Structures are given as C-alpha cells and as structure tokens.
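Below you'll find the structure, written out as structure tokens, and then a few comments.
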Amino acid sequence: MNDIRDVIIIGSGPAGLTAAIYAARANMTPLVIEGEPSSTSDQPGGQLMLTTDVENFPGFPDGIMGPELMTQFRSQAARFGAEFVTRKVTRVDFSARPFQIWVGEDQYQAQTVIVSTGAQSLMLGLPNEQRLLGHGLSTCATCDGFFFRDQEIAVVGGGDSAVEEATFLTRFASKVYLIHRRDELRASKIMRDRAFANPKLEILWNSQVVEIEGDKKLSGVILEDTVTHIRESLSLQGLFIAIGHRPNTDLFQDQLELKENGYLVTEPDTSKTKVAGVFACGDVQDDYYRQAVTAAGSGCMAAIDAERWLEEHSQ
Ligand code: NAP
C-alpha cells in the first residue's frame, strides 16, 4: 500500500474503466478505486448500473444491458493488469507529489491521478423511484426516448433540460406531459417558445409528482396541485426525471478548481485539471454531453495525458 503507483483512477464508470484499459495497456498498472456496491452515487460501474437496455453504445447492434456492459469494461481492464479496490475514497491530498489518497485508514500514493467519479441525476426521492428506474422510469431522454414510440409519457422539471428532453421526446411519443411545480418555466425563452408551439407537448403547471405507480413497469403517477393540493392520477408508460444533475465532486472541493455548478474544470481539449498530474474525465467534468460513449472517449484522453505526463516528468 505504501508503494507509489504510476496512476490511481478514482471511479469506475465508462470513463474510469476506459482510462484503466488504456493505462493498463501502457504498462502503468493502474489501481482503480471503484466505489462501493451499496451506494447509489458511488457504485462500481457508475450510472449505467442503474439502467437496463443500452442501445446507443457502438459495437452492440442488438443492445446490451447497462450492468453487463460495465462488467465487460471491467473485465477488459482487468485482463491487461488493472487492479481494483472496491471501496470509496474518503479523502485526497493533491497539494504535493506523490498525491495521497485515503480509503478509510488505508493510504495510497500515486504520481498521477485520474478523477472519474461521475455525476448523479437528481431524483424526486419517492419510494418506487429506484425500483422502476430502467422499467419505464428514466433519467436520459437521449438514451431511452426510442423505447417510447407512440406512447404517453411525461417529463418532470421546468429547466432547460426538462424542456429540451420533452421537446426531443415528442419525436417518439404520441403525447408528452411536462410536469412543473410552478406556473412559470425556468427554461430559456427559446426553449419555452419551442415547447409552447409543440402540439404534442402539454404542460401541467403547478404540479408535483407525489407517487410513482407500477409493479414491474411504471404505469402512472399521482400528481398534486401545488396550489390547491388536489390530487389526481395520470396513466403513463414512461416518466423522465429532468430536475438537474449533481457531479460527485465533494472530495475535491478544496483540491481542484470547480465550476460554479460544481463540475471539475479541465483545460479545453484535454483532461488536465489545474493541478499538474491530476486529470479528470467523464461526467464529473462534463455538464453537457453526459453520454457513456463520450465519457469513454474522455477516459482514453485522460490515460494518454497521464502517460505522457509521466514520461515527461520521470527522471
Ligand atoms: P435546472 O436549471 O436546475 O432546472 C431544474 C428544474 O427542475 C427547475 O425547473 C426546478 O424547478 C425543477 N426541480 C428541481 N427539483 C425539483 C423537485 N424536487 N421536484 C420537482 N421539480 C424540481 O437544471 P437543468 O434543467 O438540468 O439545467 C442545468 C443547467 O444546464 C442550466 O444552466 C441550463 O441552462 C443548462 N442546460 C442548457 C441546455 C441548452 O442550452 N441546450 C440544455 C440543458 C441544460 P424550479 O424552476 O421551480 O426551481
């Protein structure tokens, strides 16, 4: 545990595991601190562990289940010599090299670090939410819109994400409800105008989802009017939660530069953070694309950046 590793990768979604594959194949023997299975935000494999069918990851023409895809990523990294610690990082110190990383009482040291701790979709916190995720309930319209052809679905939220997703989903669904808790959208004017002009989109103002219904698959929601508190049920085949994302950057608050919205800052077109030798990839630094394939691509960049940095800095 006291030896100094060439690279430690924190996080094991598509970004971290792609970085691990590349770093392992460059003989850097990466140590991946992959997270803890019991956690919903730090689980090994990242957000794809919470999805079912993935149909947009290239190379799988028949689709693949999210957890199966991540098992394959992990096996590929292990095959080339990546090592894994299945626990959560509790503290880091990037103020001097070698960098220090703690997992509880255990301390690890590395010449370079790749941060790929991802992000999490904010959820409503309702009882059936986690159980129905991937079974009619989704947090990604780009990923799952296709499954709701000619069906009635709803999007929760009133920001740019929700309005953009609702508008996008009208390409597939027969009807899209936008459920917003106020009487005014937060989304920008251009998005709002687009939504108002869309005949397939109906906005349910002053509405809050108070229950998500469904046994094996989502079947509907109970809505409560936020003004009158009157409740009514709405049958749906799909529900998209689009109330924002939160990057997993708590560990790095006083260590790395963060954007105002909490995402890590990386130098444009690279994975470099402001600390030389610390790189970031995947959703922890991407508040725009948020796709498995873009995360994987940025993981490859981080491994190459770390390898070149080591080469330049080894005596
Ligand atoms: P956001 O701007 O924070 O909006 C979140 C929305 O969800 C708000 O309307 C909020 O309601 C609602 N909400 C939050 N918690 C809720 C809860 N518990 N129950 C019900 N509703 C809840 O998040 P975002 O839409 O993901 O956007 C994040 C950032 O990315 C923004 O800066 C946005 O402009 C940007 N973005 C830009 C684009 C684009 O330009 N193409 C696309 C997507 C996102 P309230 O309004 O009542 O607070």
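Letters for chains follow the order of the structure tokens (A, B, ...), residue numbers begin at 1 for each chain, and ligand numbers begin at 1 in the order shown.
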
| message | Neighbours of ligand 1 at 8 Å or closer, counting only C-alpha atoms and all ligand atoms: which residues, as number ranges by chain? | response | A: 122-125, 156-164, 179-182, 184-188, 208-209, 242-245, 287-288

Would you export the selected residues with C-alpha atoms as a CSV table (one decimal), in the first residue's frame, please?
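To be explicit, this is the file written out as result.csv:
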```
chain,number,residue,atom,x,y,z
A,122,LEU,CA,-31.2,14.4,-9.0
A,123,MET,CA,-34.2,12.3,-8.2
A,124,LEU,CA,-37.6,13.1,-6.6
A,125,GLY,CA,-36.9,10.8,-3.6
A,156,VAL,CA,-40.6,16.2,-14.6
A,157,GLY,CA,-38.9,19.6,-14.4
A,158,GLY,CA,-39.1,23.1,-15.7
A,159,GLY,CA,-35.5,24.0,-16.6
A,160,ASP,CA,-33.7,23.8,-20.0
A,161,SER,CA,-33.0,20.0,-19.6
A,162,ALA,CA,-36.6,19.2,-18.9
A,163,VAL,CA,-38.0,21.3,-21.8
A,164,GLU,CA,-35.3,20.1,-24.2
A,179,ILE,CA,-44.9,18.3,-15.1
A,180,HIS,CA,-43.7,21.5,-13.5
A,181,ARG,CA,-44.1,22.6,-9.9
A,182,ARG,CA,-44.6,26.3,-10.6
A,184,GLU,CA,-43.6,29.6,-15.0
A,185,LEU,CA,-40.7,27.7,-16.6
A,186,ARG,CA,-37.1,28.2,-15.6
A,187,ALA,CA,-36.0,27.3,-19.1
A,188,SER,CA,-34.7,30.0,-21.5
A,208,GLN,CA,-45.8,17.8,-8.3
A,209,VAL,CA,-45.4,14.1,-8.6
A,242,ALA,CA,-35.0,16.0,-15.5
A,243,ILE,CA,-34.6,18.1,-12.5
A,244,GLY,CA,-30.8,18.5,-12.7
A,245,HIS,CA,-27.6,16.7,-12.1
A,287,ASP,CA,-22.1,19.0,-17.9
A,288,TYR,CA,-23.1,18.9,-21.5
```

| field | Long-range neighbours of Val265 (chain A) as a PyMOL selection string, 10 Å cut-off, only C-alpha atoms, 3 positions minimum in chain | value | chain A and resi 256-260+262+268+271-274+279-280+284-286

**Prompt:** If we count only C-alpha atoms, what is near Met28 (chain A) at a cut-off of 10 Å, once residues fewer than 2 positions away on the same chain are taken out, given as a PyMOL selection string?
**Reply:** chain A and resi 5-8+20+22-26+30-31+81-82+303+306-307+310

Output file for the residues above (all heavy atoms, as a tab-separated table (two decimals), in the first residue's frame):
```
chain	number	residue	atom	x	y	z
A	5	ARG	N	2.21	4.36	-6.88
A	5	ARG	CA	1.69	3.87	-8.16
A	5	ARG	C	1.93	4.92	-9.25
A	5	ARG	O	1.97	6.11	-8.97
A	5	ARG	CB	0.17	3.65	-8.08
A	5	ARG	CG	-0.36	3.00	-6.84
A	5	ARG	CD	-0.23	1.54	-6.81
A	5	ARG	NE	-0.75	0.86	-7.96
A	5	ARG	CZ	-1.18	-0.42	-7.93
A	5	ARG	NH1	-1.18	-1.10	-6.80
A	5	ARG	NH2	-1.60	-1.02	-9.02
A	6	ASP	N	2.00	4.44	-10.49
A	6	ASP	CA	2.08	5.39	-11.62
A	6	ASP	C	0.77	6.18	-11.71
A	6	ASP	O	0.78	7.38	-11.93
A	6	ASP	CB	2.27	4.64	-12.94
A	6	ASP	CG	3.72	4.23	-13.14
A	6	ASP	OD1	4.59	4.75	-12.41
A	6	ASP	OD2	3.97	3.39	-14.02
A	7	VAL	N	-0.34	5.45	-11.57
A	7	VAL	CA	-1.63	6.12	-11.71
A	7	VAL	C	-2.69	5.45	-10.83
A	7	VAL	O	-2.75	4.22	-10.75
A	7	VAL	CB	-2.09	6.17	-13.19
A	7	VAL	CG1	-2.30	4.79	-13.80
A	7	VAL	CG2	-3.38	6.99	-13.34
A	8	ILE	N	-3.46	6.28	-10.18
A	8	ILE	CA	-4.64	5.80	-9.47
A	8	ILE	C	-5.86	6.44	-10.14
A	8	ILE	O	-5.86	7.65	-10.43
A	8	ILE	CB	-4.59	6.14	-7.96
A	8	ILE	CG1	-3.53	5.27	-7.28
A	8	ILE	CG2	-5.96	5.92	-7.31
A	8	ILE	CD1	-3.39	5.47	-5.78
A	20	ALA	N	-8.61	2.99	-17.41
A	20	ALA	CA	-7.89	1.82	-16.87
A	20	ALA	C	-7.40	0.90	-17.98
A	20	ALA	O	-6.28	0.39	-17.92
A	20	ALA	CB	-8.82	1.06	-15.91
A	22	TYR	N	-6.66	1.72	-21.09
A	22	TYR	CA	-5.53	2.36	-21.78
A	22	TYR	C	-4.29	2.42	-20.90
A	22	TYR	O	-3.18	2.17	-21.36
A	22	TYR	CB	-5.93	3.77	-22.25
A	22	TYR	CG	-6.59	3.75	-23.61
A	22	TYR	CD1	-7.90	3.32	-23.76
A	22	TYR	CD2	-5.88	4.11	-24.75
A	22	TYR	CE1	-8.50	3.27	-25.00
A	22	TYR	CE2	-6.47	4.07	-26.00
A	22	TYR	CZ	-7.79	3.65	-26.12
A	22	TYR	OH	-8.37	3.60	-27.37
A	23	ALA	N	-4.47	2.74	-19.62
A	23	ALA	CA	-3.30	2.84	-18.73
A	23	ALA	C	-2.68	1.46	-18.53
A	23	ALA	O	-1.45	1.30	-18.50
A	23	ALA	CB	-3.73	3.45	-17.40
A	24	ALA	N	-3.52	0.43	-18.41
A	24	ALA	CA	-3.00	-0.93	-18.23
A	24	ALA	C	-2.23	-1.36	-19.46
A	24	ALA	O	-1.15	-1.95	-19.35
A	24	ALA	CB	-4.15	-1.89	-17.95
A	25	ARG	N	-2.73	-1.04	-20.62
A	25	ARG	CA	-2.05	-1.44	-21.85
A	25	ARG	C	-0.79	-0.61	-22.10
A	25	ARG	O	0.03	-0.96	-22.95
A	25	ARG	CB	-3.02	-1.35	-23.04
A	25	ARG	CG	-4.05	-2.48	-22.99
A	25	ARG	CD	-5.02	-2.43	-24.14
A	25	ARG	NE	-4.37	-2.27	-25.43
A	25	ARG	CZ	-3.77	-3.23	-26.11
A	25	ARG	NH1	-3.76	-4.46	-25.62
A	25	ARG	NH2	-3.20	-2.99	-27.26
A	26	ALA	N	-0.65	0.49	-21.35
A	26	ALA	CA	0.59	1.28	-21.43
A	26	ALA	C	1.53	0.89	-20.29
A	26	ALA	O	2.47	1.63	-19.97
A	26	ALA	CB	0.26	2.76	-21.37
A	30	PRO	N	-2.57	0.38	-13.49
A	30	PRO	CA	-3.44	1.30	-12.75
A	30	PRO	C	-4.15	0.63	-11.59
A	30	PRO	O	-4.49	-0.55	-11.66
A	30	PRO	CB	-4.47	1.72	-13.82
A	30	PRO	CG	-4.47	0.61	-14.82
A	30	PRO	CD	-3.07	0.09	-14.85
A	31	LEU	N	-4.32	1.40	-10.54
A	31	LEU	CA	-5.17	0.95	-9.43
A	31	LEU	C	-6.47	1.73	-9.56
A	31	LEU	O	-6.45	2.97	-9.57
A	31	LEU	CB	-4.51	1.26	-8.09
A	31	LEU	CG	-5.34	0.84	-6.87
A	31	LEU	CD1	-5.37	-0.68	-6.75
A	31	LEU	CD2	-4.81	1.47	-5.60
A	81	GLY	N	-4.26	-6.04	-16.62
A	81	GLY	CA	-3.49	-5.83	-15.40
A	81	GLY	C	-3.97	-4.72	-14.48
A	81	GLY	O	-3.31	-4.40	-13.49
A	82	ALA	N	-5.15	-4.13	-14.77
A	82	ALA	CA	-5.67	-3.12	-13.83
A	82	ALA	C	-6.03	-3.83	-12.52
A	82	ALA	O	-6.49	-4.97	-12.53
A	82	ALA	CB	-6.91	-2.45	-14.42
A	303	ALA	N	-6.02	8.84	-19.85
A	303	ALA	CA	-4.93	7.85	-19.72
A	303	ALA	C	-3.74	8.28	-20.56
A	303	ALA	O	-2.58	8.19	-20.13
A	303	ALA	CB	-5.42	6.47	-20.12
A	306	ALA	N	-2.06	11.20	-18.89
A	306	ALA	CA	-1.30	10.78	-17.70
A	306	ALA	C	0.00	10.09	-18.11
A	306	ALA	O	1.07	10.33	-17.54
A	306	ALA	CB	-2.15	9.84	-16.84
A	307	GLU	N	-0.09	9.26	-19.13
A	307	GLU	CA	1.10	8.53	-19.58
A	307	GLU	C	2.16	9.50	-20.10
A	307	GLU	O	3.34	9.41	-19.76
A	307	GLU	CB	0.67	7.56	-20.70
A	307	GLU	CG	1.78	6.70	-21.21
A	307	GLU	CD	1.48	6.14	-22.60
A	307	GLU	OE1	0.33	6.23	-23.07
A	307	GLU	OE2	2.44	5.64	-23.22
A	310	LEU	N	3.71	11.45	-17.25
A	310	LEU	CA	4.69	10.64	-16.51
A	310	LEU	C	6.01	10.56	-17.26
A	310	LEU	O	7.09	10.66	-16.67
A	310	LEU	CB	4.17	9.21	-16.34
A	310	LEU	CG	3.37	8.88	-15.09
A	310	LEU	CD1	2.97	7.41	-15.13
A	310	LEU	CD2	4.20	9.16	-13.83
```

* Considering only C-alpha atoms, return as a list of chain:residue names whatever protein or nucleic-acid residues lie within 6 Å of Val278 (chain A), sequence-local ones (same chain, fewer than 4 positions apart) excluded. =>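 Within the cut-off, the hits are A:Thr112, A:Val113, A:Ile114, A:Thr273.
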
The distance between CA of Ile241 (chain A) and CA of Leu204 (chain A) is 14.6 Å

Between CA of Arg246 (chain A) and CA of Gln100 (chain A) lies a distance of 24.9 Å

Contacts of Pro247 (chain A) within 6 Å, only C-alpha atoms, excl. fewer than 2 positions in-chain, as an NGL selection string: :A and (119 or 249 or 263 or 284)

Selection from above, N, CA and C atoms, as an mmCIF file, in the first residue's frame, can you write it?
```cif
data_model
loop_
_atom_site.group_PDB
_atom_site.id
_atom_site.type_symbol
_atom_site.label_atom_id
_atom_site.label_comp_id
_atom_site.auth_asym_id
_atom_site.auth_seq_id
_atom_site.Cartn_x
_atom_site.Cartn_y
_atom_site.Cartn_z
ATOM 1 N N ALA A 119 -21.315 11.699 -12.102
ATOM 2 C CA ALA A 119 -22.349 12.602 -11.610
ATOM 3 C C ALA A 119 -23.582 11.762 -11.334
ATOM 4 N N THR A 249 -18.268 15.645 -6.696
ATOM 5 C CA THR A 249 -17.011 16.378 -6.512
ATOM 6 C C THR A 249 -16.762 16.792 -5.057
ATOM 7 N N TYR A 263 -19.015 21.202 -11.264
ATOM 8 C CA TYR A 263 -18.258 20.286 -12.123
ATOM 9 C C TYR A 263 -16.775 20.678 -12.118
ATOM 10 N N VAL A 284 -17.931 13.825 -14.439
ATOM 11 C CA VAL A 284 -17.526 14.720 -13.353
ATOM 12 C C VAL A 284 -17.046 16.071 -13.894
#
```

The distance between CA of Arg149 (chain A) and CA of Leu201 (chain A) is 14.6 Å

So which residues touch Gly238 (chain A) within 6 Å, counting only C-alpha atoms, skipping near sequence neighbours fewer than 5 positions away, as a PDB file with N, CA and C atoms, in the first residue's frame?
```
ATOM      1  N   GLY A 136     -39.462   1.878 -17.308  1.00  0.00           N
ATOM      2  CA  GLY A 136     -40.445   2.926 -17.581  1.00  0.00           C
ATOM      3  C   GLY A 136     -40.033   4.264 -16.992  1.00  0.00           C
ATOM      4  N   LEU A 137     -39.118   4.214 -16.052  1.00  0.00           N
ATOM      5  CA  LEU A 137     -38.619   5.456 -15.441  1.00  0.00           C
ATOM      6  C   LEU A 137     -37.176   5.668 -15.909  1.00  0.00           C
ATOM      7  N   ILE A 153     -46.147   9.733 -22.282  1.00  0.00           N
ATOM      8  CA  ILE A 153     -45.082   9.815 -21.283  1.00  0.00           C
ATOM      9  C   ILE A 153     -45.050  11.225 -20.675  1.00  0.00           C
TER      10      ILE A 153
END
```

The residue from A:Gln72, A:Gln253, A:Asn128, A:Thr266 with the smallest atom-to-atom distance to Gly220 (chain A), counting only C-alpha atoms, is A:Asn128

Every residue of region 84-229 of chain A that DSSP places in helix (DSSP H, G or I), as an MDAnalysis selection string
chainID A and resid 129:132 141:148 160:169 189:196

Go ahead and save the picked residues with N, CA and C atoms, as a compact mmCIF listing (two decimals), in the first residue's frame.
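Dumped to again-v3.txt:
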```txt
# COMPACT_ATOMS: atom_id res chain seq x y z
N GLU A 129 -39.04 4.97 -6.90
CA GLU A 129 -38.17 5.54 -7.92
C GLU A 129 -37.00 4.62 -8.32
N GLN A 130 -36.25 4.17 -7.35
CA GLN A 130 -35.07 3.36 -7.68
C GLN A 130 -35.50 2.03 -8.31
N ARG A 131 -36.60 1.46 -7.80
CA ARG A 131 -37.05 0.15 -8.28
C ARG A 131 -37.51 0.21 -9.74
N LEU A 132 -38.12 1.32 -10.15
CA LEU A 132 -38.68 1.40 -11.50
C LEU A 132 -37.72 2.05 -12.51
N ALA A 141 -33.28 11.13 -21.76
CA ALA A 141 -34.14 11.07 -22.95
C ALA A 141 -33.36 10.61 -24.17
N THR A 142 -32.13 11.08 -24.31
CA THR A 142 -31.30 10.69 -25.46
C THR A 142 -31.15 9.17 -25.49
N CYS A 143 -30.98 8.58 -24.31
CA CYS A 143 -30.74 7.13 -24.24
C CYS A 143 -32.03 6.34 -24.45
N ASP A 144 -33.12 6.80 -23.86
CA ASP A 144 -34.29 5.92 -23.74
C ASP A 144 -35.52 6.36 -24.52
N GLY A 145 -35.47 7.54 -25.16
CA GLY A 145 -36.63 8.05 -25.88
C GLY A 145 -37.18 7.06 -26.89
N PHE A 146 -36.30 6.39 -27.55
CA PHE A 146 -36.64 5.44 -28.61
C PHE A 146 -37.58 4.33 -28.14
N PHE A 147 -37.51 4.01 -26.84
CA PHE A 147 -38.34 2.90 -26.32
C PHE A 147 -39.81 3.30 -26.16
N PHE A 148 -40.11 4.59 -26.34
CA PHE A 148 -41.48 5.05 -26.03
C PHE A 148 -42.25 5.52 -27.26
N ASP A 160 -34.02 24.05 -18.59
CA ASP A 160 -33.66 23.77 -19.99
C ASP A 160 -33.62 22.28 -20.27
N SER A 161 -33.09 21.49 -19.33
CA SER A 161 -33.00 20.04 -19.56
C SER A 161 -34.38 19.45 -19.78
N ALA A 162 -35.30 19.77 -18.88
CA ALA A 162 -36.64 19.17 -18.95
C ALA A 162 -37.34 19.58 -20.24
N VAL A 163 -37.26 20.86 -20.60
CA VAL A 163 -37.97 21.33 -21.79
C VAL A 163 -37.31 20.76 -23.05
N GLU A 164 -35.97 20.70 -23.03
CA GLU A 164 -35.28 20.14 -24.18
C GLU A 164 -35.64 18.66 -24.34
N GLU A 165 -35.64 17.93 -23.23
CA GLU A 165 -35.94 16.50 -23.29
C GLU A 165 -37.39 16.27 -23.71
N ALA A 166 -38.31 17.07 -23.17
CA ALA A 166 -39.72 16.90 -23.51
C ALA A 166 -39.91 17.15 -25.01
N THR A 167 -39.26 18.19 -25.52
CA THR A 167 -39.38 18.51 -26.94
C THR A 167 -38.80 17.37 -27.78
N PHE A 168 -37.64 16.88 -27.38
CA PHE A 168 -36.99 15.77 -28.09
C PHE A 168 -37.90 14.53 -28.08
N LEU A 169 -38.54 14.28 -26.95
CA LEU A 169 -39.34 13.05 -26.80
C LEU A 169 -40.61 13.08 -27.66
N LYS A 189 -35.95 31.43 -22.98
CA LYS A 189 -37.11 31.82 -23.79
C LYS A 189 -37.23 30.97 -25.05
N ILE A 190 -36.10 30.74 -25.69
CA ILE A 190 -36.15 30.00 -26.96
C ILE A 190 -36.70 28.58 -26.73
N MET A 191 -36.30 27.97 -25.61
CA MET A 191 -36.79 26.61 -25.28
C MET A 191 -38.28 26.67 -24.94
N ARG A 192 -38.65 27.69 -24.19
CA ARG A 192 -40.05 27.82 -23.78
C ARG A 192 -40.94 27.97 -25.02
N ASP A 193 -40.51 28.87 -25.92
CA ASP A 193 -41.32 29.13 -27.12
C ASP A 193 -41.48 27.85 -27.94
N ARG A 194 -40.40 27.09 -28.01
CA ARG A 194 -40.43 25.83 -28.76
C ARG A 194 -41.46 24.87 -28.13
N ALA A 195 -41.45 24.84 -26.80
CA ALA A 195 -42.37 23.94 -26.09
C ALA A 195 -43.81 24.39 -26.28
N PHE A 196 -44.05 25.69 -26.15
CA PHE A 196 -45.42 26.20 -26.28
C PHE A 196 -45.99 25.92 -27.69
```

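The closest residue to Arg290 (chain A), picked from A:Val115, A:Ala173, A:Ala96, A:Leu48 and counting only C-alpha atoms, is A:Leu48.
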
Fill in: Proximity to Gln43 (chain A) - best of A:Ala292, A:Ala19, A:Val89, A:Met65, only C-alpha atoms
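For Gln43 (chain A), the nearest of the candidates is A:Val89.
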
Note to self: Using DSSP secondary structure from the backbone, list all strand (DSSP E or B) positions within region 86-294 of chain A, as a ChimeraX atom specification.
What the structure shows: /A:91-93,99-103,106-115,119-121,133,137-138,152-156,175-179,201-204,207-214,218-225,231-235,238-241,245-247,258,264,272,278-280

Problem set entry | Of the listed residues A:Ser174, A:Ala77, A:Gln107, A:Ala302, that which approaches Asp93 (chain A) most closely, counting only C-alpha atoms |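 Of A:Ser174, A:Ala77, A:Gln107, A:Ala302, the one nearest Asp93 (chain A), counting only C-alpha atoms, is A:Gln107.
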